[in-house]
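entry_17.cif (mmCIF, C-alpha atoms) appears below.
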```cif
data_coords
loop_
_atom_site.label_atom_id
_atom_site.label_comp_id
_atom_site.auth_asym_id
_atom_site.auth_seq_id
_atom_site.Cartn_x
_atom_site.Cartn_y
_atom_site.Cartn_z
CA MET A 12 0.00 0.00 0.00
CA ASN A 13 1.14 3.48 -0.84
CA GLN A 14 1.37 5.43 2.38
CA PRO A 15 1.18 9.19 2.51
CA THR A 16 4.54 10.64 3.53
CA ALA A 17 3.24 11.70 6.94
CA LEU A 18 2.58 8.06 7.76
CA GLN A 19 5.97 7.01 6.43
CA ILE A 20 7.58 9.53 8.75
CA SER A 21 5.43 8.56 11.69
CA ASN A 22 6.08 4.87 11.09
CA MET A 23 9.83 4.89 10.49
CA GLU A 24 11.41 1.77 11.92
CA GLY A 25 14.85 0.72 13.08
CA PRO A 26 17.44 3.23 14.25
CA GLY A 27 15.65 6.08 12.45
CA ALA A 28 12.38 5.50 14.32
CA LEU A 29 11.05 8.52 16.17
CA PRO A 30 11.53 8.20 19.95
CA ARG A 31 8.19 7.46 21.60
CA SER A 32 6.65 6.52 24.89
CA ASN A 33 3.34 4.67 24.67
CA GLY A 34 2.88 6.28 21.29
CA GLU A 35 3.62 9.82 22.28
CA LEU A 36 6.52 11.51 20.56
CA ILE A 37 9.17 12.38 23.10
CA PHE A 38 10.75 15.79 22.92
CA ASN A 39 13.07 16.24 25.87
CA GLU A 40 13.71 19.88 25.07
CA PRO A 41 11.71 22.46 23.11
CA TRP A 42 14.44 22.72 20.48
CA GLU A 43 13.96 19.05 19.61
CA ALA A 44 10.35 19.74 18.64
CA ARG A 45 11.48 22.75 16.57
CA ALA A 46 14.09 20.69 14.74
CA PHE A 47 11.50 17.99 14.10
CA GLY A 48 8.91 20.54 12.96
CA MET A 49 11.27 22.27 10.54
CA ALA A 50 12.14 19.04 8.76
CA VAL A 51 8.56 17.78 8.41
CA ALA A 52 7.10 21.21 7.56
CA MET A 53 9.54 21.73 4.68
CA GLU A 54 8.82 18.24 3.40
CA SER A 55 5.07 18.79 3.53
CA GLN A 56 5.47 22.03 1.58
CA GLY A 57 7.40 20.14 -1.06
CA THR A 58 10.63 22.03 -0.39
CA TYR A 59 12.47 18.71 -0.55
CA GLN A 60 11.63 15.01 -0.80
CA TRP A 61 11.47 12.94 2.39
CA GLU A 62 14.09 10.50 1.14
CA ASP A 63 16.60 13.39 0.98
CA PHE A 64 16.24 13.78 4.73
CA ARG A 65 15.75 10.15 5.69
CA SER A 66 18.96 9.02 4.00
CA ARG A 67 20.93 11.76 5.78
CA LEU A 68 19.42 10.85 9.13
CA ILE A 69 20.26 7.16 8.70
CA LYS A 70 23.78 8.03 7.61
CA GLN A 71 24.25 10.29 10.61
CA ILE A 72 22.98 7.63 12.98
CA SER A 73 25.18 4.92 11.57
CA GLN A 74 28.21 7.22 11.67
CA ASP A 75 27.57 7.84 15.33
CA GLY A 76 27.58 4.11 15.96
CA GLN A 77 23.88 3.62 16.61
CA GLN A 78 23.70 4.86 20.15
CA ASP A 79 20.40 4.69 21.96
CA ALA A 80 17.74 7.06 20.76
CA GLU A 81 17.60 9.62 23.51
CA PRO A 82 18.81 12.24 23.86
CA GLU A 83 21.21 11.83 20.97
CA TYR A 84 18.47 11.18 18.44
CA TYR A 85 17.55 14.81 17.87
CA GLN A 86 21.22 15.81 17.82
CA GLN A 87 21.51 13.47 14.86
CA TRP A 88 18.23 14.69 13.45
CA PHE A 89 19.47 18.28 13.57
CA ALA A 90 22.82 17.34 12.02
CA ALA A 91 20.91 15.71 9.13
CA LEU A 92 18.68 18.77 8.79
CA GLU A 93 21.64 21.14 8.77
CA ASP A 94 23.39 19.04 6.15
CA LEU A 95 20.25 19.06 4.00
CA ALA A 96 19.68 22.79 4.40
CA VAL A 97 23.28 23.54 3.42
CA SER A 98 23.52 21.13 0.51
CA PHE A 99 20.22 22.34 -0.93
CA GLY A 100 21.46 25.91 -0.61
CA PHE A 101 18.75 27.06 1.81
CA VAL A 102 21.44 28.47 4.11
CA THR A 103 25.22 28.49 4.18
CA GLU A 104 27.38 27.15 6.96
CA GLU A 105 28.75 30.68 7.50
CA GLU A 106 25.30 32.24 7.88
CA LEU A 107 24.38 29.60 10.38
CA ASP A 108 27.59 30.06 12.38
CA ARG A 109 27.10 33.80 12.43
CA ARG A 110 23.43 33.64 13.46
CA THR A 111 24.19 31.11 16.19
CA GLN A 112 26.88 33.46 17.51
CA GLU A 113 24.50 36.40 17.43
CA ILE A 114 21.82 34.56 19.36
CA ALA A 115 24.37 33.32 21.88
CA SER A 116 25.83 36.77 22.53
CA SER A 117 22.41 38.45 22.72
CA GLU A 118 21.66 36.14 25.62
CA GLU A 119 24.87 36.80 27.54
CA HIS A 120 24.62 39.25 30.40
CA MET B 26 28.74 19.46 11.79
CA THR B 27 32.00 21.13 12.70
CA THR B 28 32.58 24.60 13.98
CA GLY B 29 35.67 26.05 15.55
CA GLU B 30 34.30 27.04 18.91
CA HIS B 31 32.34 23.87 19.52
CA GLN B 32 34.36 21.57 21.76
CA GLU B 33 33.49 18.03 22.71
CA GLY B 34 32.17 18.92 26.10
CA SER B 35 29.57 17.64 28.47
CA HIS B 36 26.29 16.44 27.13
CA THR B 37 24.38 19.46 28.38
CA HIS B 38 26.88 21.72 26.71
CA GLU B 39 26.30 20.05 23.36
CA GLU B 40 22.55 20.16 23.89
CA ALA B 41 22.67 23.86 24.66
CA TYR B 42 24.71 24.47 21.56
CA THR B 43 22.38 22.52 19.31
CA ALA B 44 19.44 24.39 20.85
CA LEU B 45 21.04 27.69 19.80
CA ARG B 46 21.90 26.41 16.37
CA THR B 47 18.35 25.14 15.90
CA ARG B 48 17.04 28.62 16.67
CA ALA B 49 19.56 30.09 14.26
CA LEU B 50 18.42 27.76 11.48
CA GLU B 51 14.76 28.49 12.15
CA SER B 52 15.30 32.24 12.11
CA LEU B 53 17.23 32.02 8.82
CA LEU B 54 14.66 29.78 7.12
CA VAL B 55 11.82 32.06 8.23
CA GLU B 56 13.75 35.13 7.10
CA LYS B 57 14.30 33.60 3.67
CA GLY B 58 10.60 32.77 3.36
CA LEU B 59 11.18 29.01 3.26
CA LEU B 60 9.16 28.35 6.40
CA SER B 61 6.84 30.08 8.81
CA THR B 62 6.85 29.65 12.56
CA ASP B 63 3.17 28.76 12.36
CA ALA B 64 3.81 26.00 9.84
CA ILE B 65 6.34 24.45 12.21
CA ASP B 66 3.93 24.69 15.17
CA ALA B 67 1.14 23.16 13.11
CA MET B 68 3.26 20.21 11.95
CA VAL B 69 4.52 19.41 15.43
CA GLN B 70 0.96 19.45 16.69
CA ALA B 71 -0.30 17.32 13.84
CA TYR B 72 2.30 14.66 14.54
CA GLU B 73 1.69 14.79 18.26
CA GLN B 74 -2.06 14.41 17.91
CA ASP B 75 -3.46 13.42 14.59
CA ILE B 76 -1.33 11.06 12.60
CA GLY B 77 -1.89 7.89 14.56
CA PRO B 78 -5.48 6.77 14.10
CA MET B 79 -5.07 6.83 10.32
CA ASN B 80 -3.26 3.51 10.51
CA GLY B 81 -6.07 1.82 12.38
CA ILE B 82 -8.63 3.27 9.99
CA GLN B 83 -6.81 1.70 7.05
CA VAL B 84 -6.72 -1.64 8.84
CA VAL B 85 -10.48 -1.52 9.55
CA VAL B 86 -11.43 -0.54 6.02
CA ARG B 87 -9.26 -3.23 4.51
CA ALA B 88 -10.90 -5.81 6.80
CA TRP B 89 -14.34 -4.59 5.71
CA MET B 90 -13.44 -4.88 2.03
CA ASP B 91 -11.28 -7.98 2.01
CA PRO B 92 -12.70 -11.04 3.83
CA ALA B 93 -9.43 -12.98 3.62
CA TYR B 94 -7.61 -10.09 5.28
CA LYS B 95 -10.28 -9.92 7.96
CA THR B 96 -9.77 -13.59 8.76
CA ARG B 97 -6.02 -13.08 9.09
CA LEU B 98 -6.56 -9.97 11.18
CA LEU B 99 -8.78 -11.72 13.70
CA GLU B 100 -6.51 -14.77 13.87
CA ASN B 101 -3.24 -12.90 14.14
CA GLY B 102 -3.66 -9.18 14.66
CA THR B 103 0.03 -8.38 15.00
CA GLY B 104 0.88 -10.20 11.76
CA ALA B 105 -1.97 -8.77 9.71
CA ILE B 106 -1.22 -5.26 10.95
CA ALA B 107 2.45 -5.76 10.09
CA GLU B 108 1.34 -6.64 6.53
CA MET B 109 0.10 -3.06 6.27
CA GLY B 110 3.52 -1.82 7.34
CA TYR B 111 2.73 -1.01 10.97
CA ALA B 112 4.89 -2.42 13.72
CA GLY B 113 3.82 -3.59 17.16
CA ALA B 114 3.97 -1.36 20.20
CA GLU B 115 7.30 -1.89 21.94
CA GLY B 116 7.19 -5.50 20.85
CA SER B 117 3.77 -6.21 22.33
CA GLU B 118 1.09 -8.20 20.61
CA ILE B 119 -1.97 -6.54 19.08
CA VAL B 120 -5.21 -8.53 19.28
CA VAL B 121 -8.15 -7.43 17.15
CA LEU B 122 -11.68 -7.99 18.46
CA GLU B 123 -14.67 -8.08 16.17
CA ASN B 124 -17.87 -6.29 17.12
CA THR B 125 -21.06 -7.93 15.90
CA PRO B 126 -24.78 -7.24 16.32
CA THR B 127 -24.67 -9.34 19.51
CA VAL B 128 -21.21 -8.61 20.94
CA GLN B 129 -19.74 -5.23 21.82
CA ASN B 130 -16.05 -5.33 22.70
CA MET B 131 -14.52 -2.39 24.49
CA VAL B 132 -10.95 -1.76 25.57
CA VAL B 133 -9.50 -0.32 28.74
CA CYS B 134 -6.20 -0.36 30.57
CA THR B 135 -7.03 -0.58 34.25
CA LEU B 136 -3.41 -0.34 35.39
CA CYS B 137 -2.14 2.60 33.37
CA SER B 138 -2.78 3.62 29.80
CA CYS B 139 -1.49 0.83 27.56
CA TYR B 140 -2.82 1.51 24.11
CA PRO B 141 -2.28 0.08 20.61
CA TRP B 142 -0.60 3.29 19.48
CA PRO B 143 0.96 2.06 16.24
CA VAL B 144 -2.59 1.77 14.90
CA LEU B 145 -4.50 4.30 16.99
CA GLY B 146 -1.99 7.05 17.72
CA LEU B 147 -2.19 8.75 21.07
CA PRO B 148 -4.61 7.64 23.75
CA PRO B 149 -7.30 10.26 24.36
CA SER B 150 -7.19 11.85 27.79
CA TRP B 151 -10.42 10.16 28.96
CA TYR B 152 -8.83 6.78 28.23
CA LYS B 153 -6.16 7.60 30.81
CA SER B 154 -8.61 8.93 33.39
CA ALA B 155 -9.18 7.07 36.65
CA ALA B 156 -12.94 7.26 36.08
CA TYR B 157 -12.87 5.42 32.75
CA ARG B 158 -10.34 2.89 33.94
CA SER B 159 -12.44 1.84 36.91
CA ARG B 160 -15.94 2.30 35.53
CA ALA B 161 -15.27 0.44 32.27
CA VAL B 162 -14.88 -2.75 34.25
CA ILE B 163 -17.58 -2.19 36.89
CA GLU B 164 -20.36 -0.66 34.80
CA PRO B 165 -19.46 -0.84 31.11
CA ARG B 166 -23.04 -0.45 29.95
CA SER B 167 -23.39 2.84 31.73
CA VAL B 168 -20.01 4.03 30.39
CA LEU B 169 -21.16 3.24 26.86
CA ARG B 170 -24.37 5.15 27.51
CA ASP B 171 -22.22 8.17 28.44
CA PHE B 172 -20.56 7.83 25.05
CA GLY B 173 -24.01 7.86 23.46
CA MET B 174 -24.40 4.13 22.87
CA GLU B 175 -27.66 2.70 24.11
CA LEU B 176 -27.30 -1.07 23.73
CA PRO B 177 -30.15 -3.53 24.16
CA GLU B 178 -29.76 -5.91 27.11
CA SER B 179 -29.37 -8.74 24.61
CA VAL B 180 -26.01 -7.38 23.44
CA GLU B 181 -23.14 -8.87 25.38
CA ILE B 182 -20.45 -6.40 26.41
CA ARG B 183 -16.92 -7.74 26.68
CA VAL B 184 -14.34 -5.56 28.38
CA TRP B 185 -10.68 -6.22 27.56
CA ASP B 186 -7.93 -5.07 29.88
CA SER B 187 -4.75 -4.10 28.03
CA SER B 188 -1.31 -4.86 29.35
CA ALA B 189 2.28 -4.33 28.39
CA ASP B 190 2.16 -7.66 26.53
CA VAL B 191 -1.20 -7.48 24.78
CA ARG B 192 -2.94 -4.44 23.35
CA TYR B 193 -6.41 -4.58 21.91
CA MET B 194 -8.03 -2.89 18.97
CA VAL B 195 -11.71 -3.20 18.08
CA LEU B 196 -12.93 -3.92 14.58
CA PRO B 197 -16.25 -2.06 14.45
CA GLU B 198 -19.20 -3.42 12.47
CA ARG B 199 -19.43 -2.17 8.93
CA PRO B 200 -22.46 0.12 8.92
CA GLU B 201 -25.50 -0.80 6.86
CA GLY B 202 -25.99 0.87 3.54
CA THR B 203 -22.28 1.06 2.75
CA GLU B 204 -22.12 -1.71 0.13
CA GLY B 205 -21.49 0.68 -2.73
CA LEU B 206 -18.89 2.84 -0.99
CA GLY B 207 -15.23 2.98 -1.96
CA GLU B 208 -12.19 2.91 0.29
CA ALA B 209 -11.94 6.67 0.79
CA GLU B 210 -15.62 7.00 1.69
CA LEU B 211 -15.44 4.10 4.11
CA MET B 212 -12.41 5.62 5.82
CA GLU B 213 -14.48 8.65 6.76
CA LEU B 214 -16.84 6.43 8.73
CA VAL B 215 -14.24 4.97 11.10
CA SER B 216 -13.61 6.97 14.24
CA ARG B 217 -10.94 6.47 16.85
CA ASP B 218 -13.60 5.78 19.47
CA SER B 219 -15.11 3.01 17.34
CA MET B 220 -11.73 1.24 17.42
CA ILE B 221 -11.62 1.49 21.23
CA GLY B 222 -15.12 0.07 21.28
CA VAL B 223 -16.97 2.98 22.86
CA ALA B 224 -18.74 3.99 19.65
CA LYS B 225 -20.03 2.43 16.47
CA ALA B 226 -18.65 3.33 13.07
CA ASN B 227 -20.62 6.26 11.68
CA SER B 228 -23.37 5.62 9.21
CA PRO B 229 -23.00 7.32 5.83
CA SER B 230 -26.05 9.50 6.41
CA ALA B 231 -24.52 10.89 9.61
CA VAL B 232 -21.35 11.92 7.80
CA ALA B 233 -22.96 13.39 4.69
#
```
Translate this structure into structure tokens?
Amino acid sequence: MNQPTALQISNMEGPGALPRSNGELIFNEPWEARAFGMAVAMESQGTYQWEDFRSRLIKQISQDGQQDAEPEYYQQWFAALEDLAVSFGFVTEEELDRRTQEIASSEEH
Amino acid sequence: MTTGEHQEGSHTHEEAYTALRTRALESLLVEKGLLSTDAIDAMVQAYEQDIGPMNGIQVVVRAWMDPAYKTRLLENGTGAIAEMGYAGAEGSEIVVLENTPTVQNMVVCTLCSCYPWPVLGLPPSWYKSAAYRSRAVIEPRSVLRDFGMELPESVEIRVWDSSADVRYMVLPERPEGTEGLGEAELMELVSRDSMIGVAKANSPSAVA
């Protein structure tokens, strides 16, 4: 059966499977939900194809030696998202470094 | 991901850094018009709340349309659900119970809130409530009445208590007058509550 992409994402299995507890998605920190939301929102808008992200996520996870899902999972998820965003030309590594720095210093007292 | 100032530090340090970098990416994508903050919120919410029951709905409709599948589903729920590409919940078994004109199955978890989430998504909050968990066993008929189901005394009510090892899903009766309907139309008739056994599948006239 041909599943809509949302179901494919929701039903990923193996090391790429979304961390859950009794069905509920687990986000240990707010940023994890944002990273998740960015990836699925861009896919649903057709900005990229799900496989472009999925393959990066799997690669990232296998590189990191398949540690347990939490809390590393969304670190890997974000690394895959960053790689996708840069290789598709949505942002550059430099822009991202600079913006991260700006946010960090705006929060220092 | 390599940047000069990011050292291999403690876990919290790395978390904090990724949190900042996530915000940076979001602000850039929003600035460039590739995403909106609302779209991200909406997707997170959709995945947290809505995606799940779709799987169960597909299982029910296939069982209604394909008698051989229905037989497999009732004999080996876990296996037949896996055929559709949905895995078990943390390795537990999924048993499917068929509702008929004379038997109404309903599902509860008296101990906590075990739920067949690979097919039904998130448990609704009432399913986790102490009131439902105790009353479902003691006075199921009155609980069903609260859900709007008035069953004749002749209908036997069977209450199934979920556990970590076995989760239950109800196969509701196919409503009358749906012989000519296609898959998409049938899917609109299956509610989450009908797969917990506290409602019937909707009749086509109620939906239209």
Based on only C-alpha atoms, which of the residues in chain A come within 9 Å of chain B? I want them as a short mmCIF file (atom, residue, chain, number, x, y, z; two decimals) with C-alpha atoms, keeping the file's coordinate frame.
```
data_model
loop_
_atom_site.label_atom_id
_atom_site.label_comp_id
_atom_site.auth_asym_id
_atom_site.auth_seq_id
_atom_site.Cartn_x
_atom_site.Cartn_y
_atom_site.Cartn_z
CA MET A 12 0.00 0.00 0.00
CA ALA A 17 3.24 11.70 6.94
CA LEU A 18 2.58 8.06 7.76
CA SER A 21 5.43 8.56 11.69
CA ASN A 22 6.08 4.87 11.09
CA GLU A 24 11.41 1.77 11.92
CA SER A 32 6.65 6.52 24.89
CA ASN A 33 3.34 4.67 24.67
CA GLY A 34 2.88 6.28 21.29
CA GLU A 35 3.62 9.82 22.28
CA LEU A 36 6.52 11.51 20.56
CA GLU A 40 13.71 19.88 25.07
CA PRO A 41 11.71 22.46 23.11
CA TRP A 42 14.44 22.72 20.48
CA GLU A 43 13.96 19.05 19.61
CA ALA A 44 10.35 19.74 18.64
CA ARG A 45 11.48 22.75 16.57
CA ALA A 46 14.09 20.69 14.74
CA PHE A 47 11.50 17.99 14.10
CA GLY A 48 8.91 20.54 12.96
CA MET A 49 11.27 22.27 10.54
CA ALA A 50 12.14 19.04 8.76
CA VAL A 51 8.56 17.78 8.41
CA ALA A 52 7.10 21.21 7.56
CA MET A 53 9.54 21.73 4.68
CA SER A 55 5.07 18.79 3.53
CA GLN A 56 5.47 22.03 1.58
CA THR A 58 10.63 22.03 -0.39
CA PRO A 82 18.81 12.24 23.86
CA GLU A 83 21.21 11.83 20.97
CA GLN A 86 21.22 15.81 17.82
CA PHE A 89 19.47 18.28 13.57
CA ALA A 90 22.82 17.34 12.02
CA GLU A 93 21.64 21.14 8.77
CA ASP A 94 23.39 19.04 6.15
CA ALA A 96 19.68 22.79 4.40
CA PHE A 101 18.75 27.06 1.81
CA VAL A 102 21.44 28.47 4.11
CA GLU A 106 25.30 32.24 7.88
CA LEU A 107 24.38 29.60 10.38
CA ASP A 108 27.59 30.06 12.38
CA ARG A 109 27.10 33.80 12.43
CA ARG A 110 23.43 33.64 13.46
CA THR A 111 24.19 31.11 16.19
CA GLN A 112 26.88 33.46 17.51
CA GLU A 113 24.50 36.40 17.43
CA ILE A 114 21.82 34.56 19.36
CA ALA A 115 24.37 33.32 21.88
#
```
By how many Å are CA of Gln87 in chain A and CA of Met23 in chain A apart?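 That distance, rounded to one decimal, is 15.1 Å.
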What gap, in Å, lies between CA of Pro197 in chain B and CA of Lys95 in chain B? 11.8 Å
Using only C-alpha atoms for the distances, tell me which of B:Leu176, B:Val132, B:Val191, B:Val184 is nearest to Gly102 in chain B. B:Val191
Please, which residues are within 12 Å of (-4.6, 8.5, 32.2) by the file's coordinates, counting only C-alpha atoms, and could they come as a PyMOL selection string? (chain A and resi 33) or (chain B and resi 133-140+147-159)
Could you please determine the separation between CA of Ser228 in chain B and CA of Ile106 in chain B in Å, to one decimal place?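 Distance reported for this atom pair: 24.7 Å.
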Around the point (-13.4, -2.9, 1.6) (coordinates from the file), which residues reach within 12 Å if we count only C-alpha atoms? Answer as a list in words. Ile82, Gln83, Val84, Val85, Val86, Arg87, Ala88, Trp89, Met90, Asp91, Pro92, Ala93, Tyr94, Lys95, Arg199, Thr203, Glu204, Gly205, Leu206, Gly207, Glu208, Ala209, Glu210, Leu211 and Met212 of chain B
Take every atom of range 119-133 of chain B listed in the file, fit an axis-aligned box around them, add 4 Å per side, and give the centre and edge lengths in Å to one decimal as lines of an AutoDock Vina configuration file.
```
center_x = -13.4
center_y = -4.8
center_z = 22.3
size_x = 30.8
size_y = 17.0
size_z = 20.8
```
Just so the selection is clear, what residues does the PyMOL selection byres ((chain B and resi 226) around 9) cover here, as number ranges by chain? B: 197-200, 214-216, 218-220, 224-225, 227-228
